[in-house]
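Source file: protein.txt; contents: compact mmCIF, C-alpha atoms.
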# COMPACT_ATOMS: atom_id res chain seq x y z
CA MET A 319 -45.95 -121.67 62.55
CA THR A 320 -43.99 -124.35 60.74
CA ARG A 321 -43.40 -127.75 62.30
CA SER A 322 -39.64 -127.09 62.78
CA ALA A 323 -40.33 -123.72 64.40
CA THR A 324 -42.82 -125.36 66.75
CA LEU A 325 -40.29 -128.05 67.71
CA ARG A 326 -37.58 -125.45 68.34
CA ALA A 327 -39.94 -123.38 70.48
CA SER A 328 -41.03 -126.40 72.53
CA ARG A 329 -37.42 -127.53 73.11
CA GLN A 330 -36.08 -124.07 74.01
CA PRO A 331 -37.17 -124.00 77.69
CA SER A 332 -35.72 -127.45 78.42
CA TYR A 333 -32.51 -126.52 76.56
CA ASN A 334 -32.25 -123.31 78.61
CA ARG A 335 -32.81 -125.21 81.85
CA ALA A 336 -30.30 -127.94 80.97
CA THR A 337 -27.70 -125.36 79.98
CA ALA A 338 -28.32 -123.34 83.15
CA ARG A 339 -27.99 -126.49 85.28
CA LEU A 340 -24.69 -127.32 83.55
CA LEU A 341 -23.40 -123.76 84.09
CA LYS A 342 -24.30 -123.97 87.78
CA ARG A 343 -22.33 -127.22 88.09
CA ILE A 344 -19.33 -125.74 86.27
CA GLN A 345 -19.35 -122.71 88.56
CA ALA A 346 -19.56 -124.97 91.62
CA LEU A 347 -16.68 -127.12 90.34
CA VAL A 348 -14.44 -124.05 90.00
CA PHE A 349 -15.12 -123.23 93.67
CA LEU A 350 -14.64 -126.87 94.70
CA GLY A 351 -11.46 -127.33 92.66
CA LEU A 352 -9.60 -124.19 93.65
CA GLY A 353 -10.93 -124.35 97.21
CA SER A 354 -9.84 -127.97 97.62
CA TRP A 355 -6.39 -127.08 96.33
CA CYS A 356 -6.08 -124.34 98.99
CA LEU A 357 -7.42 -126.67 101.66
CA LEU A 358 -5.34 -129.74 100.80
CA ALA A 359 -2.07 -128.14 99.63
CA PRO A 360 -1.94 -124.71 101.29
CA HIS A 361 1.84 -124.31 101.12
CA MET A 362 1.88 -125.21 97.43
CA VAL A 363 -0.74 -122.53 96.76
CA GLU A 364 1.23 -120.03 98.87
CA ARG A 365 4.50 -120.81 97.04
CA LEU A 366 2.89 -120.51 93.61
CA SER A 367 0.66 -117.49 94.22
CA LEU A 368 2.72 -115.20 96.50
CA LYS A 369 6.03 -113.60 95.58
CA ALA A 370 8.93 -114.99 97.64
CA GLU A 371 9.22 -111.93 99.88
CA TYR A 372 5.60 -112.40 101.03
CA GLN A 373 5.70 -116.15 101.65
CA HIS A 374 5.71 -117.37 105.25
CA LEU A 375 5.14 -121.10 104.67
CA SER A 376 4.23 -121.41 108.34
CA ASP A 377 1.52 -123.31 110.15
CA THR A 378 -0.36 -120.04 110.49
CA SER A 379 -0.25 -119.29 106.77
CA ALA A 380 -1.38 -122.88 106.05
CA LEU A 381 -4.26 -122.38 108.48
CA LEU A 382 -5.35 -119.14 106.79
CA MET A 383 -5.03 -120.60 103.29
CA GLY A 384 -6.97 -123.66 104.46
CA CYS A 385 -9.74 -121.45 105.86
CA PHE A 386 -9.95 -119.64 102.53
CA GLY A 387 -10.16 -123.00 100.75
CA ALA A 388 -12.76 -124.38 103.15
CA GLN A 389 -15.02 -121.38 102.48
CA ALA A 390 -14.71 -121.95 98.73
CA VAL A 391 -15.51 -125.66 99.18
CA LEU A 392 -18.53 -124.74 101.29
CA CYS A 393 -19.71 -122.27 98.63
CA GLY A 394 -19.25 -124.80 95.82
CA SER A 395 -21.06 -127.49 97.81
CA LEU A 396 -23.98 -125.18 98.52
CA MET A 397 -24.15 -124.26 94.85
CA LEU A 398 -24.51 -127.93 93.94
CA LEU A 399 -27.29 -128.37 96.51
CA ALA A 400 -29.15 -125.09 95.90
CA ARG A 401 -31.76 -124.44 93.26
CA PHE A 402 -30.91 -121.39 91.16
CA THR A 403 -33.31 -118.80 89.79
CA ALA A 404 -32.32 -116.05 87.38
CA GLN A 405 -31.68 -113.77 90.36
CA THR A 406 -29.47 -116.40 92.03
CA PHE A 407 -27.32 -116.65 88.90
CA LEU A 408 -27.02 -112.89 88.69
CA GLY A 409 -26.27 -112.55 92.40
CA PHE A 410 -23.54 -115.19 92.34
CA GLY A 411 -22.16 -113.75 89.13
CA LEU A 412 -21.82 -110.25 90.53
CA LEU A 413 -21.01 -111.04 94.16
CA ALA A 414 -18.55 -113.82 93.35
CA SER A 415 -16.63 -111.70 90.88
CA ILE A 416 -16.70 -107.92 91.30
CA PRO A 417 -15.29 -107.73 94.87
CA PHE A 418 -12.59 -110.19 93.86
CA PHE A 419 -11.70 -108.17 90.76
CA VAL A 420 -10.92 -105.31 93.14
CA PHE A 421 -8.92 -107.69 95.35
CA ASN A 422 -6.98 -109.07 92.37
CA ALA A 423 -6.29 -105.63 90.94
CA TRP A 424 -5.00 -104.29 94.24
CA PHE A 425 -2.77 -107.19 95.25
CA VAL A 426 -1.53 -108.05 91.74
CA TRP A 427 -0.91 -104.62 90.23
CA VAL A 428 -0.81 -102.11 93.12
CA ALA A 429 0.71 -103.99 96.09
CA GLU A 430 2.44 -106.44 93.70
CA MET A 431 2.28 -109.32 96.16
CA PHE A 432 1.05 -112.05 93.84
CA THR A 433 2.74 -113.98 91.03
CA ALA A 434 1.31 -114.65 87.58
CA TRP A 435 -0.29 -117.80 89.01
CA MET A 436 -2.89 -115.52 90.55
CA LEU A 437 -4.29 -115.19 87.04
CA LEU A 438 -6.00 -118.53 87.77
CA ASP A 439 -8.04 -116.74 90.41
CA PHE A 440 -8.74 -113.91 87.98
CA ALA A 441 -9.87 -116.42 85.33
CA GLY A 442 -12.13 -118.07 87.90
CA ASN A 443 -13.66 -114.69 88.73
CA VAL A 444 -14.24 -113.94 85.04
CA SER A 445 -15.95 -117.32 84.70
CA PHE A 446 -18.21 -116.51 87.69
CA LEU A 447 -19.25 -113.23 86.11
CA LEU A 448 -19.89 -114.74 82.66
CA ILE A 449 -21.71 -117.79 84.00
CA GLY A 450 -23.82 -115.57 86.24
CA ILE A 451 -24.85 -113.30 83.38
CA PHE A 452 -25.42 -116.15 80.94
CA GLY A 453 -27.35 -118.17 83.55
CA TRP A 454 -29.49 -115.13 84.31
CA ARG A 455 -30.26 -114.70 80.61
CA LEU A 456 -31.20 -118.37 80.27
CA MET A 457 -33.39 -118.40 83.37
CA ARG A 458 -35.01 -114.95 83.35
CA HIS A 459 -38.25 -116.27 81.82
CA GLU A 460 -38.28 -119.54 83.77
CA THR A 461 -40.55 -119.89 86.79
CA GLU A 462 -38.95 -122.99 88.33
CA PRO A 463 -35.33 -122.92 89.56
CA VAL A 464 -32.70 -125.39 88.38
For this file, write the structure as structure tokens.
Amino acid sequence: MTRSATLRASRQPSYNRATARLLKRIQALVFLGLGSWCLLAPHMVERLSLKAEYQHLSDTSALLMGCFGAQAVLCGSLMLLARFTAQTFLGFGLLASIPFFVFNAWFVWVAEMFTAWMLLDFAGNVSFLLIGIFGWRLMRHETEPV
């Protein structure tokens, strides 16, 4: 094995771990960012994401939007604190995206309740899926979580 090949091989695991750790933080920040927005400005989110005929802009709708946001903030916070294995990445990637793809598809294209702003949620879900798969690939041969 050449010296450069040996150096690349020895750096690969730490590169994979550093990249996986960064991906985990990015995924957590998406949850924290969008969740905080729902929690701190629920009527703004309601106005931007729901078509006018579905907006209530009431205390109750702010409460429900805030609950949704608080759950996302909790999830993002736990992601920052948790140590991820390959299976954790894959689980978050699939469970944080696929059910929400169904949700987005139904309420955007079938029920037609959401505005184009809901594409932010769709983009977040795509990022969860991609980060989950990529994190799984990076970590599948690692024994210690990141």
Just want the 12 Å neighbourhood of Leu340 of chain A, counted on all atoms listed in the file, with same-chain residues fewer than 5 positions away dropped. Output as an MDAnalysis selection string. chainID A and resid 333:335 345:347 397:398 402 449 452:453 456 464
Excluding same-chain residues fewer than 5 positions from Ile344 of chain A, what lies within 12 Å of it counting only C-alpha atoms, as an MDAnalysis selection string? chainID A and resid 337:339 349:351 394:395 397:398 442 445:446 448:450 453
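Shell of segment 425-437 of chain A at 7 Å, with only C-alpha atoms counted and residues fewer than 5 places along the chain excluded, is Leu366, Ser367, Leu368, Lys369 and Tyr372 of chain A.
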Rank A:Val444, A:Met457, A:Ala390, A:Met362 by their smallest atom-to-atom distance to Pro417 of chain A, using all atoms listed in the file, and report the top residue only. A:Val444
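Atom CA of Ala359 of chain A is found 24.6 Å from atom CA of Trp424 of chain A.
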Per-axis box centre and lengths in Å around segment 412-429 of chain A, 6 Å margin per side, axis-aligned, as AutoDock Vina command-line options:
--center_x -10.6 --center_y -108.0 --center_z 93.2 --size_x 34.5 --size_y 23.7 --size_z 17.9
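Between atom CA of Gly409 of chain A and atom CA of Arg343 of chain A lies a distance of 15.8 Å.
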Compile the contact shell of Met383 of chain A as an MDAnalysis selection string: residues with an atom at most 9 Å away, counting only C-alpha atoms, same-chain residues fewer than 5 positions apart removed. chainID A and resid 356:357 359:361 363:364 378 388
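Atom CA of Ala400 of chain A sits 16.2 Å away from atom CA of Glu460 of chain A.
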So, counting all atoms listed in the file, which residue among A:Leu413, A:Val420, A:Cys393, A:Leu438 is closest to Ile451 of chain A? A:Leu413
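Distances to Ser415 of chain A were evaluated for A:Asp439, A:Ser379, A:His459, A:Leu392 using only C-alpha atoms, and the minimum falls at A:Asp439.
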